[in-house]
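*Asks:* Attaching a single structure in structure tokens format; questions to follow.
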Amino acid sequence: MSKKILSLISVVMVLAMLAACGGDGGAPATPAGDGEWKWERKIEIVCPWGAGGGADTTVRQFATQLEKELGQSVVVNNVSGAGGVSGVQYAVQQPADGYTWLLCTPSPMLAQITKATDFDVYGNITPVCNLVWDCNIFVAGKDAPYNNYKELMDYVAANPGKVQCGVMSLTGLDGACVTAAFGDKIEAVGYSEGSQLNSDVIGNHVGLACVGPAEVLAMVQSGDMKPIMTCTEKRMTIAEYANTECAGELNVDCFYGPYRGIYAKNGTPEAAIKAFEAAAQKAVASTDFQDWAKSQGLDQRTGWMDTATYQAQWTADHDELTSLFGS
């Protein structure tokens, strides 16, 4: 989000971490209610996007580790459509019994704010914990006549209306990044398939794309794509992006990136939420999950947020996005 919101949430996270410390050696306290809820059957996590994308790979990595903590199987159910809103709707139609959870990002909430949907995303789900916080980057095809942000903007000034930016969701955070970075100078165009967007970027049929860094890493490594700018506060640590200018150093306020976390339908028992949060914290802290996250460039921002911190983030982003994009 914006630097102001990121700073606010950083303070909240520090306070939450301090509050969680106690006991011998300052070890984190176990969330209240852990042990009061007993898992008796398989757990379902709804993913509102299709297989193979960033949300899907994140939740499947998490589910593998979560099974070890819960002692029950965890299944992922992909229910895609309407920019993620269809999956949210499906999740809130299930019983609030602690056995159905939702992997979500702010994108469906943004769809509500921009009135792309009349479904009340914000009012129907409760943040439980955040798993990872991804970022967006702008990439172009290898033959594009610009190699960095300045060259891009010079080209746009000389060729108004010629450059468009492909996104997977016009009403999502990638669409918001385009608006924040370029205003009305570059138009965002929506794609339904990531493979088609990648193909169009490589073939110079679309001059730019706003995507997740892991999603196009192989194409950057092969030289078919080149990064133009990362939507991050600092330069990324992944070698292929380490020399790419970041929005922070360019003073371009387009830090929107999907944090991916777990939500519960309103009315889910508090004991189940607390028990899930405790198990999720261990799953995310596992070596396997952390190694995977680092390999995907997901160590750029602090990922884990407990329930209190995540709810503060969700509320702050709702207010900010409403002020920026609400009508």
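All residue names refer to the structure tokens as shown: chains lettered A, B, ... in order, residues numbered from 1 in each chain, ligands numbered from 1 in order.
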If we count only C-alpha atoms, what is near range 132-144 of chain A at a cut-off of 9 Å, once residues fewer than 6 positions away on the same chain are taken out, given as a ChimeraX atom specification?
*Replies:* /A:54,58,165,173-174,177-178,198,200-204,206-213,216,220,223-232,246,255-261,284,293,297-305
*Asks:* Any idea what's packed within 6 Å of range 78-91 of chain A, counting only C-alpha atoms, ignoring anything in its chain fewer than 5 positions away? Could you give it as a ChimeraX atom specification?
*Replies:* /A:46-50,108
*Asks:* Using only C-alpha atoms, can you tell me which of A:Thr114, A:Ser107, A:Asn251, A:Ser222 comes closest to Ala180 in chain A?
*Replies:* A:Asn251
*Asks:* If DSSP is run on the backbone, what residues of range 185-314 of chain A are strand (DSSP E)? A reply as JSON, numbers by chain would be ideal.
*Replies:* {"A": [187, 188, 189, 190, 208, 209, 210, 211, 225, 226, 227, 228, 229, 230, 259, 260, 261, 262, 263, 264, 265]}
*Asks:* List the spatial neighbours of Ala264 in chain A as a PyMOL selection string - criterion: any atom at most 8 Å away, only C-alpha atoms, same-chain residues fewer than 5 positions off excluded.
*Replies:* chain A and resi 96+98+100-102+125-128+273
*Asks:* Would you please work out which residue, of A:Glu249, A:Asp97, A:Asp120, A:Glu215, is nearest to Ala55 in chain A when using only C-alpha atoms?
*Replies:*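 Going through A:Glu249, A:Asp97, A:Asp120, A:Glu215 one by one, the smallest distance to Ala55 in chain A is for A:Glu215.
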*Asks:* With only C-alpha atoms as the basis for distance, which of A:Gln61, A:Lys115, A:Glu320, A:Val156 is at the shortest distance from Asp291 in chain A?
*Replies:*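 So, comparing all the options, the nearest one is A:Gln61.
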*Asks:* Neighbours of Thr307 in chain A within 9 Å (only C-alpha atoms; same-chain residues fewer than 3 positions away dropped), as a PyMOL selection string?
*Replies:* chain A and resi 127-130+273-274+277+310-312
*Asks:* Out of A:Val92, A:Glu44, A:His318, A:Glu151, which residue has the shortest atom-to-atom distance to Asn124 in chain A when counting only C-alpha atoms?
*Replies:*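 Selected residue with least distance to Asn124 in chain A: A:Val92.
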*Asks:* How many Å lie between CA of Gln296 in chain A and CA of Gln221 in chain A, rounded to one decimal?
*Replies:* 13.8 Å
*Asks:* Let's see if you can do this: from backbone DSSP, list all helix (DSSP H, G or I) residues in range 38-263 of chain A, as a compact mmCIF listing (two decimals) with C-alpha atoms, in the first residue's frame.
*Replies:*
```
# COMPACT_ATOMS: atom_id res chain seq x y z
CA GLY A 54 0.44 -16.97 -7.11
CA ALA A 55 -2.54 -17.42 -4.80
CA ASP A 56 -2.90 -21.11 -5.68
CA THR A 57 0.78 -21.95 -5.23
CA THR A 58 0.87 -20.08 -1.92
CA VAL A 59 -2.12 -21.82 -0.42
CA ARG A 60 -0.94 -25.26 -1.56
CA GLN A 61 2.48 -24.77 0.01
CA PHE A 62 0.77 -23.59 3.19
CA ALA A 63 -1.73 -26.48 3.20
CA THR A 64 1.08 -29.05 3.11
CA GLN A 65 2.63 -27.57 6.25
CA LEU A 66 -0.72 -26.92 7.94
CA GLU A 67 -1.67 -30.60 7.76
CA LYS A 68 1.30 -31.40 9.98
CA GLU A 69 0.06 -28.97 12.62
CA LEU A 70 -3.65 -29.82 12.55
CA ALA A 82 -15.20 -12.39 -11.23
CA GLY A 83 -11.73 -11.35 -10.12
CA GLY A 84 -11.89 -13.53 -7.01
CA VAL A 85 -15.38 -12.50 -5.92
CA SER A 86 -16.96 -15.83 -6.95
CA GLY A 87 -14.68 -17.72 -4.57
CA VAL A 88 -15.47 -15.36 -1.70
CA GLN A 89 -19.18 -15.81 -2.34
CA TYR A 90 -18.78 -19.58 -2.36
CA ALA A 91 -16.85 -19.54 0.93
CA VAL A 92 -19.45 -17.48 2.78
CA SER A 107 -8.44 -7.55 -4.87
CA PRO A 108 -12.03 -8.77 -4.28
CA MET A 109 -12.48 -5.96 -1.73
CA LEU A 110 -11.23 -3.48 -4.33
CA ALA A 111 -13.77 -4.87 -6.79
CA GLN A 112 -16.46 -4.02 -4.25
CA ILE A 113 -15.05 -0.53 -3.68
CA VAL A 121 -16.78 -8.73 0.39
CA TYR A 122 -15.57 -6.52 3.23
CA GLY A 123 -18.60 -7.12 5.43
CA ASN A 124 -18.81 -10.90 5.10
CA TYR A 149 11.13 3.90 -16.06
CA LYS A 150 12.57 7.14 -17.49
CA GLU A 151 12.92 5.71 -20.97
CA LEU A 152 9.38 4.36 -20.74
CA MET A 153 7.93 7.71 -19.73
CA ASP A 154 9.93 9.51 -22.44
CA TYR A 155 8.55 7.07 -25.00
CA VAL A 156 5.00 7.53 -23.70
CA ALA A 157 5.35 11.31 -23.91
CA ALA A 158 6.50 11.05 -27.52
CA LEU A 173 -4.26 -4.44 -7.18
CA ASP A 174 -2.39 -4.81 -10.47
CA GLY A 175 -4.88 -2.46 -12.09
CA ALA A 176 -4.46 -0.10 -9.12
CA CYS A 177 -0.68 -0.18 -9.62
CA VAL A 178 -1.07 0.97 -13.23
CA THR A 179 -3.32 3.84 -12.21
CA ALA A 180 -1.04 4.88 -9.35
CA ALA A 181 2.15 4.68 -11.43
CA PHE A 182 0.98 6.24 -14.70
CA GLY A 194 -1.68 -15.30 -17.79
CA SER A 195 -0.21 -17.30 -20.64
CA GLN A 196 -1.84 -15.00 -23.20
CA LEU A 197 -0.59 -11.91 -21.38
CA ASN A 198 2.95 -13.30 -21.32
CA SER A 199 2.77 -14.15 -25.01
CA ASP A 200 1.53 -10.66 -25.90
CA VAL A 201 4.30 -9.01 -23.87
CA ILE A 202 7.00 -11.13 -25.49
CA PRO A 213 7.89 -11.26 -9.98
CA ALA A 214 7.80 -15.05 -9.59
CA GLU A 215 5.25 -15.40 -12.38
CA VAL A 216 7.61 -14.10 -15.07
CA LEU A 217 10.98 -14.99 -13.55
CA ALA A 218 11.68 -17.75 -16.08
CA MET A 219 10.98 -15.38 -18.97
CA VAL A 220 13.23 -12.71 -17.47
CA GLN A 221 15.95 -15.34 -17.02
CA SER A 222 15.60 -16.41 -20.66
CA ALA A 239 19.32 -11.59 -8.57
CA GLU A 240 17.31 -11.06 -11.77
CA TYR A 241 15.64 -7.96 -10.27
CA ALA A 247 9.23 2.66 -7.04
CA GLY A 248 10.66 3.84 -3.73
CA GLU A 249 13.81 5.31 -5.22
CA LEU A 250 11.83 6.83 -8.09
```
*Asks:* Which polymer residues have any atom within 8 Å of an atom of Val189 in chain A, counting only C-alpha atoms, with same-chain residues fewer than 3 positions away left out, as a list in words?
*Replies:*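 Residues meeting the cut-off are Gln164, Cys165, Gly166, Val167 and Leu170 of chain A.
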*Asks:* With distances taken over only C-alpha atoms, which of A:Val76, A:Glu233, A:Gln94, A:Glu36 is nearest to Ala51 in chain A?
*Replies:*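 Checking each candidate against Ala51 in chain A, we get A:Val76 as the closest.
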*Asks:* To one decimal place in Å, what is the distance between CA of Ser286 in chain A and CA of Thr237 in chain A?
*Replies:*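 Going from CA of Ser286 in chain A over to CA of Thr237 in chain A, I get 21.0 Å.
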